[in-house]
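Peer 1: Contents are compact mmCIF, C-alpha atoms; file name data35.txt:
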# COMPACT_ATOMS: atom_id res chain seq x y z
CA MET A 1 -15.19 -30.81 45.41
CA PRO A 2 -14.64 -32.14 41.84
CA LYS A 3 -18.19 -31.03 41.04
CA THR A 4 -17.43 -27.47 42.22
CA LEU A 5 -14.23 -27.48 40.19
CA ALA A 6 -16.12 -28.68 37.10
CA ILE A 7 -18.67 -25.89 37.51
CA LEU A 8 -15.91 -23.31 37.91
CA VAL A 9 -14.16 -24.58 34.77
CA LEU A 10 -17.45 -24.51 32.86
CA VAL A 11 -18.18 -20.96 33.99
CA GLY A 12 -14.63 -19.91 33.06
CA VAL A 13 -14.80 -21.48 29.60
CA THR A 14 -18.21 -19.90 28.98
CA ALA A 15 -16.96 -16.48 30.07
CA ILE A 16 -13.85 -16.66 27.89
CA GLY A 17 -15.85 -18.01 24.93
CA GLY A 18 -18.43 -15.29 25.37
CA TRP A 19 -15.74 -12.64 25.46
CA PHE A 20 -14.31 -13.94 22.18
CA VAL A 21 -17.74 -13.95 20.54
CA VAL A 22 -18.48 -10.40 21.70
CA SER A 23 -15.02 -9.22 20.58
CA ALA A 24 -15.38 -10.82 17.16
CA TRP A 25 -18.83 -9.29 16.76
CA GLY A 26 -17.38 -5.91 17.53
CA GLY A 27 -19.83 -5.11 20.26
CA GLY A 28 -17.15 -3.90 22.64
CA SER A 29 -18.15 -0.61 24.20
CA VAL A 30 -15.77 2.32 24.05
CA GLN A 31 -16.36 5.37 26.19
CA GLN A 32 -15.67 8.63 24.38
CA PRO A 33 -14.45 11.61 26.45
CA VAL A 34 -17.12 13.99 25.08
CA ALA A 35 -20.78 13.12 24.44
CA TYR A 36 -20.69 14.19 20.82
CA ASN A 37 -23.96 14.33 18.91
CA HIS A 38 -23.50 13.89 15.15
CA LYS A 39 -27.17 14.52 14.35
CA VAL A 40 -27.28 17.99 15.95
CA HIS A 41 -24.28 19.12 13.94
CA ILE A 42 -25.51 17.64 10.63
CA ASP A 43 -28.99 19.16 11.19
CA ALA A 44 -27.28 22.50 11.74
CA GLY A 45 -26.01 22.21 8.18
CA MET A 46 -22.44 21.17 8.83
CA GLU A 47 -20.58 18.98 6.37
CA CYS A 48 -18.77 15.87 7.64
CA ALA A 49 -15.50 17.09 6.11
CA ALA A 50 -15.69 20.33 8.12
CA CYS A 51 -14.58 18.39 11.20
CA HIS A 52 -13.12 15.27 9.59
CA THR A 53 -10.57 17.22 7.61
CA GLY A 54 -8.73 15.37 4.91
CA ALA A 55 -11.74 13.24 3.96
CA GLU A 56 -11.99 14.97 0.59
CA GLU A 57 -8.37 15.66 -0.17
CA GLY A 58 -6.37 12.97 1.57
CA THR A 59 -6.06 9.32 2.41
CA HIS A 60 -7.27 9.65 5.98
CA ALA A 61 -10.27 11.45 7.39
CA GLY A 62 -9.08 13.31 10.45
CA ILE A 63 -10.43 13.38 13.97
CA PRO A 64 -11.34 16.95 14.98
CA THR A 65 -9.04 18.85 17.26
CA THR A 66 -10.33 21.05 20.09
CA ASP A 67 -9.76 24.23 18.12
CA LYS A 68 -12.28 22.96 15.54
CA CYS A 69 -14.93 22.85 18.27
CA ALA A 70 -13.75 26.23 19.55
CA LEU A 71 -14.63 27.82 16.22
CA CYS A 72 -18.30 27.70 17.26
CA HIS A 73 -18.36 26.70 20.92
CA LYS A 74 -17.33 29.49 23.28
CA VAL A 75 -17.38 28.82 26.99
CA ASP A 76 -18.66 32.29 27.82
CA ARG A 77 -21.47 32.32 25.25
CA PRO A 78 -24.86 30.65 25.64
CA TYR A 79 -25.25 29.72 21.96
CA PRO A 80 -24.34 27.30 20.64
CA LYS A 81 -24.63 25.51 23.93
CA THR A 82 -21.32 24.11 25.13
CA PRO A 83 -21.68 20.84 27.05
CA LYS A 84 -19.77 20.58 30.33
CA ASP A 85 -17.41 17.88 29.13
CA LEU A 86 -16.43 19.95 26.08
CA ALA A 87 -16.15 23.12 28.19
CA PHE A 88 -13.58 21.34 30.35
CA TYR A 89 -11.27 20.76 27.37
CA LEU A 90 -11.90 24.23 25.96
CA LYS A 91 -11.10 25.93 29.27
CA ALA A 92 -8.02 23.81 29.81
CA ASN A 93 -7.00 24.34 26.19
CA LYS A 94 -6.38 20.61 25.93
CA GLU A 95 -6.92 18.22 23.07
CA ILE A 96 -9.94 15.95 23.46
CA PRO A 97 -8.58 12.41 23.85
CA TRP A 98 -10.96 10.86 21.32
CA ARG A 99 -10.80 7.08 21.18
CA GLN A 100 -9.99 6.09 17.62
CA LEU A 101 -12.34 3.39 16.40
CA HIS A 102 -11.52 3.23 12.71
CA ARG A 103 -8.12 2.02 11.65
CA THR A 104 -7.19 0.89 8.17
CA ARG A 105 -5.30 -2.34 8.30
CA ARG A 106 -1.73 -1.91 7.26
CA HIS A 107 -1.96 -4.08 4.15
CA VAL A 108 -4.87 -2.07 2.79
CA TYR A 109 -4.60 1.16 0.88
CA PHE A 110 -7.85 3.03 1.41
CA SER A 111 -8.10 6.58 0.20
CA HIS A 112 -10.96 8.73 1.46
CA GLN A 113 -10.27 11.21 -1.34
CA ARG A 114 -10.74 8.51 -3.96
CA HIS A 115 -14.11 7.52 -2.53
CA VAL A 116 -15.54 10.76 -1.15
CA ALA A 117 -14.25 13.44 -3.51
CA LEU A 118 -13.61 11.53 -6.73
CA ALA A 119 -16.38 8.92 -6.67
CA GLY A 120 -18.83 11.16 -4.79
CA ILE A 121 -19.83 8.44 -2.36
CA ASP A 122 -21.77 9.63 0.66
CA CYS A 123 -20.24 8.89 4.06
CA GLU A 124 -23.36 6.91 5.01
CA LYS A 125 -22.61 4.32 2.33
CA CYS A 126 -19.82 2.88 4.49
CA HIS A 127 -20.43 4.49 7.87
CA GLY A 128 -24.14 3.69 8.10
CA ASP A 129 -26.40 5.85 10.21
CA VAL A 130 -23.57 8.08 11.37
CA LYS A 131 -25.42 11.27 10.51
CA LYS A 132 -28.40 10.31 12.66
CA LYS A 133 -26.40 9.23 15.65
CA THR A 134 -27.15 11.25 18.78
CA THR A 135 -24.67 9.54 21.06
CA PRO A 136 -20.91 9.27 20.63
CA PHE A 137 -19.57 6.22 18.89
CA ASP A 138 -18.77 3.28 21.09
CA ARG A 139 -17.98 1.03 18.16
CA ALA A 140 -16.70 1.29 14.60
CA ALA A 141 -19.32 2.87 12.36
CA PHE A 142 -19.66 0.14 9.76
CA PRO A 143 -22.74 -1.91 8.86
CA ASP A 144 -21.25 -5.16 10.16
CA ARG A 145 -19.30 -3.46 12.93
CA GLN A 146 -16.20 -3.76 10.78
CA ALA A 147 -15.39 -3.12 7.14
CA GLY A 148 -14.37 -6.41 5.62
CA MET A 149 -13.28 -7.06 2.06
CA ASN A 150 -16.82 -8.11 1.16
CA LEU A 151 -18.07 -4.57 1.82
CA CYS A 152 -15.48 -3.19 -0.60
CA VAL A 153 -15.75 -5.87 -3.28
CA ASP A 154 -19.57 -5.86 -3.33
CA CYS A 155 -19.60 -2.14 -4.03
CA HIS A 156 -16.73 -2.29 -6.54
CA ARG A 157 -18.55 -5.00 -8.51
CA LYS A 158 -21.84 -3.16 -8.36
CA GLU A 159 -20.29 0.11 -9.52
CA LYS A 160 -18.12 -1.70 -12.09
CA VAL A 161 -14.85 -0.30 -10.77
CA THR A 162 -11.60 -2.18 -10.56
CA THR A 163 -11.32 -5.30 -8.44
CA ASP A 164 -7.61 -5.60 -9.15
CA CYS A 165 -6.03 -6.69 -5.86
CA MET A 166 -3.23 -4.16 -6.28
CA ALA A 167 -5.73 -1.30 -6.39
CA CYS A 168 -6.41 -1.69 -2.67
CA HIS A 169 -3.72 -3.99 -1.30
CA ARG A 170 -0.25 -2.58 -1.03
CA MET B 1 -5.01 0.85 -21.30
CA PRO B 2 -1.28 1.45 -20.86
CA ARG B 3 1.21 -1.41 -20.77
CA TRP B 4 3.97 -0.31 -18.45
CA GLY B 5 7.50 -1.25 -19.38
CA MET B 6 11.09 -0.27 -18.81
CA VAL B 7 14.22 0.14 -20.91
CA ILE B 8 17.69 0.07 -19.37
CA ASP B 9 20.56 1.38 -21.47
CA LEU B 10 23.61 -0.57 -20.34
CA ASP B 11 25.87 1.67 -22.41
CA LYS B 12 24.91 4.53 -20.10
CA CYS B 13 24.83 2.67 -16.78
CA THR B 14 27.83 3.41 -14.56
CA GLY B 15 26.87 0.91 -11.88
CA CYS B 16 26.60 3.64 -9.25
CA GLN B 17 23.81 1.70 -7.48
CA ALA B 18 21.73 4.80 -6.78
CA CYS B 19 18.79 2.82 -8.16
CA VAL B 20 19.47 -0.01 -5.71
CA VAL B 21 19.43 2.38 -2.74
CA ALA B 22 16.38 4.25 -4.02
CA CYS B 23 14.51 0.98 -4.51
CA ALA B 24 15.40 -0.33 -1.06
CA ALA B 25 14.37 2.92 0.62
CA GLU B 26 11.14 3.25 -1.36
CA THR B 27 10.00 -0.31 -0.81
CA ASN B 28 10.96 -0.72 2.85
CA ALA B 29 13.60 -3.37 2.22
CA PRO B 30 14.95 -4.61 5.56
CA LEU B 31 18.66 -3.96 6.03
CA GLY B 32 19.55 -7.59 6.71
CA SER B 33 22.64 -8.67 8.57
CA PRO B 34 26.14 -9.95 7.72
CA ASP B 35 24.92 -13.48 8.49
CA ILE B 36 21.98 -13.16 6.12
CA ALA B 37 24.25 -11.64 3.50
CA ALA B 38 26.69 -14.56 3.84
CA MET B 39 23.80 -16.88 3.00
CA GLY B 40 22.95 -14.78 -0.06
CA ARG B 41 19.51 -13.97 1.29
CA ILE B 42 19.59 -10.22 1.49
CA ILE B 43 16.41 -8.96 -0.11
CA ARG B 44 16.92 -6.30 -2.75
CA TRP B 45 14.25 -6.12 -5.44
CA LEU B 46 16.71 -4.33 -7.66
CA GLN B 47 20.28 -5.49 -7.82
CA ILE B 48 23.33 -4.80 -9.95
CA LEU B 49 24.55 -7.90 -11.70
CA PRO B 50 28.22 -7.38 -12.53
CA LYS B 51 29.66 -9.13 -15.57
CA ILE B 52 33.45 -8.91 -15.63
CA GLU B 53 35.46 -10.08 -18.61
CA GLY B 54 39.22 -10.31 -19.16
CA GLU B 55 42.05 -10.50 -16.68
CA TYR B 56 43.24 -7.74 -14.42
CA PRO B 57 44.32 -5.10 -15.34
CA TYR B 58 42.75 -5.61 -18.77
CA ILE B 59 39.18 -6.07 -17.70
CA THR B 60 35.84 -4.80 -18.90
CA ALA B 61 32.91 -4.71 -16.55
CA ASP B 62 29.24 -4.55 -17.40
CA MET B 63 26.89 -3.46 -14.66
CA MET B 64 23.41 -4.73 -15.28
CA PRO B 65 20.57 -3.50 -13.05
CA ILE B 66 18.12 -6.37 -12.72
CA MET B 67 14.68 -6.44 -11.17
CA CYS B 68 11.45 -8.36 -11.81
CA GLN B 69 11.30 -8.52 -15.58
CA GLN B 70 7.51 -8.05 -15.56
CA CYS B 71 7.00 -10.89 -18.04
CA GLU B 72 4.03 -11.01 -20.37
CA ALA B 73 4.02 -14.76 -19.76
CA PRO B 74 5.17 -14.88 -16.12
CA ALA B 75 6.15 -18.35 -14.96
CA CYS B 76 5.64 -17.32 -11.34
CA THR B 77 1.94 -16.63 -11.83
CA TYR B 78 1.34 -20.01 -13.46
CA VAL B 79 2.54 -21.92 -10.40
CA CYS B 80 1.03 -19.81 -7.62
CA PRO B 81 -1.70 -21.96 -6.00
CA VAL B 82 -3.47 -19.04 -4.32
CA ALA B 83 -3.29 -16.29 -6.98
CA ALA B 84 -1.10 -14.18 -4.71
CA THR B 85 0.91 -13.31 -7.78
CA TYR B 86 -0.83 -12.50 -11.04
CA ARG B 87 -0.55 -10.27 -14.07
CA ASN B 88 -2.99 -7.36 -13.85
CA HIS B 89 -4.86 -5.63 -16.68
CA GLU B 90 -1.99 -3.17 -17.21
CA GLY B 91 0.51 -5.99 -17.55
CA THR B 92 2.19 -5.45 -14.20
CA VAL B 93 2.96 -8.65 -12.34
CA ALA B 94 1.52 -8.14 -8.88
CA GLN B 95 2.40 -9.73 -5.58
CA ILE B 96 -0.23 -9.63 -2.84
CA TYR B 97 1.69 -10.30 0.34
CA TRP B 98 -1.24 -11.11 2.60
CA ARG B 99 -2.51 -13.71 0.20
CA CYS B 100 0.86 -15.44 -0.12
CA ILE B 101 1.12 -18.73 1.75
CA GLY B 102 4.90 -18.92 1.43
CA CYS B 103 5.06 -22.08 -0.68
CA ARG B 104 7.95 -20.58 -2.69
CA TYR B 105 6.78 -22.21 -5.95
CA CYS B 106 7.04 -18.81 -7.65
CA VAL B 107 10.52 -18.20 -6.25
CA ASN B 108 11.67 -21.40 -7.88
CA ALA B 109 9.69 -20.88 -11.08
CA CYS B 110 11.14 -17.45 -11.83
CA PRO B 111 13.91 -18.06 -14.35
CA TYR B 112 15.53 -14.78 -13.37
CA THR B 113 15.56 -15.64 -9.63
CA LEU B 114 14.14 -12.22 -8.91
CA LYS B 115 11.51 -13.15 -6.38
CA TRP B 116 12.50 -12.98 -2.74
CA PHE B 117 11.33 -15.02 0.19
CA ASN B 118 11.35 -13.67 3.73
CA TRP B 119 13.12 -16.41 5.63
CA TRP B 120 13.28 -14.36 8.81
CA LYS B 121 11.19 -11.71 10.48
CA PRO B 122 12.43 -8.54 8.85
CA GLU B 123 13.95 -5.91 11.11
CA TRP B 124 14.38 -2.18 10.71
CA PRO B 125 16.89 -1.24 13.41
CA GLY B 126 16.77 2.00 15.37
CA GLU B 127 15.36 5.03 13.66
CA THR B 128 14.90 3.25 10.33
CA ALA B 129 11.74 1.70 11.79
CA GLN B 130 10.24 5.20 11.94
CA ALA B 131 11.26 6.02 8.39
CA THR B 132 9.44 3.37 6.41
CA ASN B 133 7.32 4.31 3.42
CA PRO B 134 3.66 4.17 4.52
CA ASP B 135 2.52 3.49 0.95
CA VAL B 136 4.34 0.16 0.83
CA GLU B 137 3.53 -2.82 3.00
CA LEU B 138 6.08 -4.17 5.49
CA ARG B 139 6.35 -7.76 4.40
CA ASP B 140 6.46 -10.33 7.14
CA LYS B 141 8.28 -13.59 7.60
CA GLY B 142 7.08 -16.36 5.31
CA VAL B 143 5.94 -14.36 2.29
CA THR B 144 7.45 -13.77 -1.11
CA GLU B 145 8.06 -10.31 -2.47
CA LYS B 146 9.24 -8.64 -5.64
CA CYS B 147 9.36 -5.44 -7.66
CA CYS B 148 5.93 -4.24 -8.81
CA PHE B 149 7.17 -1.20 -10.76
CA CYS B 150 6.39 1.01 -7.70
CA HIS B 151 2.69 0.43 -8.26
CA HIS B 152 1.82 2.62 -5.26
CA ARG B 153 3.17 5.57 -7.23
CA LEU B 154 0.74 4.80 -10.03
CA GLN B 155 -2.12 4.82 -7.53
CA THR B 156 -1.08 8.26 -6.28
CA ALA B 157 -0.66 9.56 -9.83
CA LYS B 158 -4.06 8.19 -10.89
CA GLU B 159 -5.73 9.78 -7.90
CA LYS B 160 -4.17 13.16 -8.57
CA ALA B 161 -4.98 12.98 -12.29
CA ARG B 162 -8.60 12.05 -11.63
CA ALA B 163 -8.97 14.88 -9.12
CA GLU B 164 -7.83 17.24 -11.86
CA GLY B 165 -10.04 15.58 -14.49
CA ARG B 166 -7.32 14.28 -16.78
CA THR B 167 -5.33 11.15 -17.50
CA VAL B 168 -1.97 10.27 -15.97
CA ARG B 169 0.87 12.17 -17.63
CA PRO B 170 3.91 10.07 -18.64
CA ASP B 171 6.20 11.95 -16.25
CA GLU B 172 3.83 11.49 -13.31
CA TYR B 173 4.32 7.78 -12.81
CA ILE B 174 7.92 6.75 -12.63
CA PRO B 175 9.38 4.14 -10.28
CA ALA B 176 11.93 5.16 -7.64
CA CYS B 177 14.85 3.60 -9.53
CA VAL B 178 14.09 5.65 -12.63
CA GLU B 179 13.83 8.82 -10.57
CA ALA B 180 17.20 8.17 -8.89
CA CYS B 181 19.16 7.18 -12.00
CA ALA B 182 21.93 9.73 -12.44
CA THR B 183 22.70 8.93 -16.07
CA ARG B 184 19.04 8.56 -17.07
CA CYS B 185 19.82 5.08 -18.35
CA ILE B 186 16.53 3.71 -17.01
CA VAL B 187 13.49 4.84 -18.97
CA PHE B 188 9.94 3.95 -17.98
CA GLY B 189 6.60 4.39 -19.68
CA ASP B 190 3.80 2.99 -21.77
CA LEU B 191 5.03 0.40 -24.26
CA ASP B 192 1.77 0.59 -26.21
CA ASP B 193 2.23 4.28 -26.91
CA PRO B 194 4.28 4.33 -30.14
CA ASP B 195 5.45 7.87 -29.42
CA SER B 196 6.69 7.24 -25.88
CA GLU B 197 10.44 7.23 -25.28
CA VAL B 198 10.32 3.77 -23.75
CA SER B 199 8.48 2.38 -26.74
CA ARG B 200 10.91 4.02 -29.19
CA LEU B 201 13.93 2.71 -27.29
CA ALA B 202 12.44 -0.78 -27.00
CA ARG B 203 12.41 -0.92 -30.82
CA SER B 204 16.12 -0.05 -30.99
CA PRO B 205 18.46 -2.48 -32.78
CA ARG B 206 20.48 -2.52 -29.55
CA ALA B 207 17.53 -3.99 -27.64
CA PHE B 208 17.55 -7.44 -26.08
CA HIS B 209 15.76 -9.25 -23.25
CA LEU B 210 17.11 -11.51 -20.57
CA LEU B 211 16.60 -15.20 -21.36
CA GLU B 212 14.21 -14.31 -24.15
CA GLU B 213 14.53 -17.81 -25.57
CA LEU B 214 12.33 -19.01 -22.69
CA GLY B 215 9.33 -17.17 -24.09
CA THR B 216 8.57 -15.23 -20.93
CA LYS B 217 8.33 -12.00 -22.94
CA PRO B 218 9.78 -9.60 -20.37
CA LYS B 219 8.70 -5.96 -20.36
CA VAL B 220 12.14 -4.89 -19.18
CA THR B 221 14.30 -4.30 -22.24
CA TYR B 222 18.07 -3.85 -22.16
CA LEU B 223 20.10 -1.85 -24.66
CA LYS B 224 23.69 -2.62 -25.45
CA SER B 225 25.77 -1.80 -28.49
CA ARG B 226 28.70 -4.13 -27.92
Using the file provided, produce a representation of the structure as structure tokens.
Peer 2:
Amino acid sequence: MPKTLAILVLVGVTAIGGWFVVSAWGGGSVQQPVAYNHKVHIDAGMECAACHTGAEEGTHAGIPTTDKCALCHKVDRPYPKTPKDLAFYLKANKEIPWRQLHRTRRHVYFSHQRHVALAGIDCEKCHGDVKKKTTPFDRAAFPDRQAGMNLCVDCHRKEKVTTDCMACHR
Amino acid sequence: MPRWGMVIDLDKCTGCQACVVACAAETNAPLGSPDIAAMGRIIRWLQILPKIEGEYPYITADMMPIMCQQCEAPACTYVCPVAATYRNHEGTVAQIYWRCIGCRYCVNACPYTLKWFNWWKPEWPGETAQATNPDVELRDKGVTEKCCFCHHRLQTAKEKARAEGRTVRPDEYIPACVEACATRCIVFGDLDDPDSEVSRLARSPRAFHLLEELGTKPKVTYLKSR
């Protein structure tokens, strides 16, 4: 009996430990409501900021609303092809409940405008292979699964821009 | 590189406290409670220090708005063990809340007692919690805070100026207290620009600094003719 208990405890500790490791690594899988394909849209000549409005003129880059999709995708037209999951939201005239994966921490002031429009940095610099991604994002699109201060400071030092704490921390 | 400074004309100040309210609203100052107030631990980065002379009814009252004096030689930065408070390249004394370990050395080192420690978890009751300024951090229990000359406004002004391919105009970056001052007794600007109003006023014969004998070299200058 004690042996069984010990095994159970060991299995429990391993499971909990494993969960913490996976969480810290950022490998948690998030299911998006629509199987969005970034690559298809980029190959079609679309700019990131066309859907992620605000990326060039604001602090936050927006998540597209259904009416953005509806500009091109029409349920009753064969081209461009409208996937079933998107058609459901278009027909119902409902917002797609995208799962937000990128959140700026509240003590950080990060302006997309400052980086995208003013510094002319390509989205891929921070968001990695986002333009080549054919499946929807199930994790934050950063090289190390999350954007830590090292990602920011490395680039700021390399580009010889300010590393004053107050420039990014509010 | 500008060196931001402030001049407060005490001859013009009526003590209306519009600056105090503007500062508290802009910087998400928690309301506090009567109990906290009784202990003298209400956090207000900008306060009015009343100086009353004479005996009633023959009294004169001076109302002195006081906030972080943005010293050129800030005692608080010398004692901070984790560089959570430091003087940046534009002369503004910064406070990085998430780096602060709450040792309170700086609170005790500041000769003006204008650094504030969060002894309790701050609360924004009711709808005030939905009305906080997103550009300013909500400081948590155990960290020190202070006036940073509304540095977030400078960030916004810099961003706008750069988008338009120019430098920041003097009227673009002004702290909330300056904006709210009804008598325009608070003037803000670049002290290194000899033509700026703040620089001209700082050279006035009426000018003085708080506790200037300590050698902290504050960038907040007061004007008084009496």
Peer 1: Report as CSV: every residue of chain A with an atom at most 12 Å from chain B, its closest pair of atoms, and their distance in Å to one decimal, counting all atoms listed in the file, with rows sorted by chain and ascending residue number.
Peer 2:
residue,atom,partner,partner_atom,distance
A:Glu56,CA,B:Ala163,CA,10.2
A:Glu57,CA,B:Ala163,CA,9.0
A:Gly58,CA,B:Glu159,CA,10.0
A:Thr59,CA,B:Thr156,CA,10.1
A:Thr104,CA,B:Pro134,CA,11.9
A:Arg105,CA,B:Glu137,CA,10.3
A:Arg106,CA,B:Glu137,CA,6.8
A:His107,CA,B:Glu137,CA,5.7
A:Val108,CA,B:Glu137,CA,8.4
A:Tyr109,CA,B:Asp135,CA,7.5
A:Phe110,CA,B:Asp135,CA,10.4
A:Ser111,CA,B:Glu159,CA,9.0
A:His112,CA,B:Glu159,CA,10.8
A:Gln113,CA,B:Glu159,CA,8.1
A:Arg114,CA,B:Glu159,CA,6.5
A:His115,CA,B:Glu159,CA,10.2
A:Val116,CA,B:Ala163,CA,11.1
A:Ala117,CA,B:Ala163,CA,7.8
A:Leu118,CA,B:Ala163,CA,6.2
A:Ala119,CA,B:Arg162,CA,9.7
A:Gly120,CA,B:Ala163,CA,11.4
A:Thr162,CA,B:His89,CA,9.7
A:Thr163,CA,B:Asn88,CA,10.1
A:Asp164,CA,B:Asn88,CA,6.8
A:Cys165,CA,B:Ile96,CA,7.2
A:Met166,CA,B:Ala94,CA,6.7
A:Ala167,CA,B:Gln155,CA,7.2
A:Cys168,CA,B:Gln155,CA,9.2
A:His169,CA,B:Ile96,CA,6.8
A:Arg170,CA,B:Glu137,CA,5.5
Peer 1: Residues at most 6 Å from stretch 80-97 of chain A, counting all atoms listed in the file, excluding those fewer than 3 positions away in the same chain, as a list in words?
Peer 2: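 Everything that qualifies: Val34, Thr66, His73 and Val75 of chain A.
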Peer 1: In Å, how far is it from atom CA of A:Gln31 to atom CA of A:Arg77?
Peer 2: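 That distance, rounded to one decimal, is 27.4 Å.
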Peer 1: Mind pulling up the distance from atom CA of A:Ile121 to atom CA of A:Val161?
Peer 2: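 Distance between the two atoms: 13.1 Å.
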Peer 1: How big is the axis-aligned box, and where does its centre sit, when it encloses all atoms of stretch 88-100 of chain A listed in the file and has 8 Å added on every side, reported in Å to one decimal as lines of an AutoDock Vina configuration file?
Peer 2:
center_x = -10.0
center_y = 16.0
center_z = 24.0
size_x = 23.2
size_y = 35.8
size_z = 28.7
Peer 1: Please compute the atom CA of B:Thr144-atom CA of B:Lys217 distance, one decimal, in Å.
Peer 2: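 We find that atom CA of B:Thr144 and atom CA of B:Lys217 lie 21.9 Å from each other.
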Peer 1: Missing atoms in stretch 208-222 of chain B: fill them in up to N, CA, C and O atoms and send the result as a short mmCIF file (atom, residue, chain, number, x, y, z; two decimals), in the coordinates of the input.
Peer 2:
data_model
loop_
_atom_site.label_atom_id
_atom_site.label_comp_id
_atom_site.auth_asym_id
_atom_site.auth_seq_id
_atom_site.Cartn_x
_atom_site.Cartn_y
_atom_site.Cartn_z
N PHE B 208 17.64 -5.99 -26.32
CA PHE B 208 17.55 -7.44 -26.08
C PHE B 208 16.85 -7.66 -24.74
O PHE B 208 16.73 -6.74 -23.93
N HIS B 209 16.41 -8.89 -24.53
CA HIS B 209 15.76 -9.25 -23.25
C HIS B 209 16.53 -10.36 -22.59
O HIS B 209 17.19 -11.16 -23.28
N LEU B 210 16.43 -10.43 -21.29
CA LEU B 210 17.11 -11.51 -20.57
C LEU B 210 16.38 -12.83 -20.83
O LEU B 210 15.15 -12.89 -20.71
N LEU B 211 17.13 -13.84 -21.14
CA LEU B 211 16.60 -15.20 -21.36
C LEU B 211 15.35 -15.20 -22.25
O LEU B 211 14.37 -15.87 -21.94
N GLU B 212 15.42 -14.42 -23.33
CA GLU B 212 14.21 -14.31 -24.15
C GLU B 212 13.84 -15.61 -24.84
O GLU B 212 12.70 -15.80 -25.26
N GLU B 213 14.82 -16.53 -24.93
CA GLU B 213 14.53 -17.81 -25.57
C GLU B 213 13.52 -18.65 -24.77
O GLU B 213 12.95 -19.60 -25.28
N LEU B 214 13.29 -18.26 -23.51
CA LEU B 214 12.33 -19.01 -22.69
C LEU B 214 10.88 -18.66 -23.00
O LEU B 214 9.96 -19.35 -22.57
N GLY B 215 10.69 -17.57 -23.70
CA GLY B 215 9.33 -17.17 -24.09
C GLY B 215 8.55 -16.48 -22.98
O GLY B 215 7.32 -16.45 -23.00
N THR B 216 9.27 -15.93 -22.02
CA THR B 216 8.57 -15.23 -20.93
C THR B 216 8.14 -13.82 -21.32
O THR B 216 7.35 -13.21 -20.61
N LYS B 217 8.66 -13.33 -22.40
CA LYS B 217 8.33 -12.00 -22.94
C LYS B 217 8.43 -10.89 -21.87
O LYS B 217 7.41 -10.28 -21.50
N PRO B 218 9.64 -10.63 -21.42
CA PRO B 218 9.78 -9.60 -20.37
C PRO B 218 9.44 -8.21 -20.90
O PRO B 218 9.63 -7.91 -22.07
N LYS B 219 8.97 -7.36 -19.99
CA LYS B 219 8.70 -5.96 -20.36
C LYS B 219 9.84 -5.05 -19.92
O LYS B 219 9.72 -3.83 -19.98
N VAL B 220 10.92 -5.65 -19.45
CA VAL B 220 12.14 -4.89 -19.18
C VAL B 220 13.09 -5.19 -20.34
O VAL B 220 13.45 -6.35 -20.56
N THR B 221 13.44 -4.14 -21.07
CA THR B 221 14.30 -4.30 -22.24
C THR B 221 15.67 -3.71 -21.92
O THR B 221 15.75 -2.66 -21.28
N TYR B 222 16.71 -4.38 -22.35
CA TYR B 222 18.07 -3.85 -22.16
C TYR B 222 18.62 -3.39 -23.50
O TYR B 222 18.31 -3.97 -24.55
#
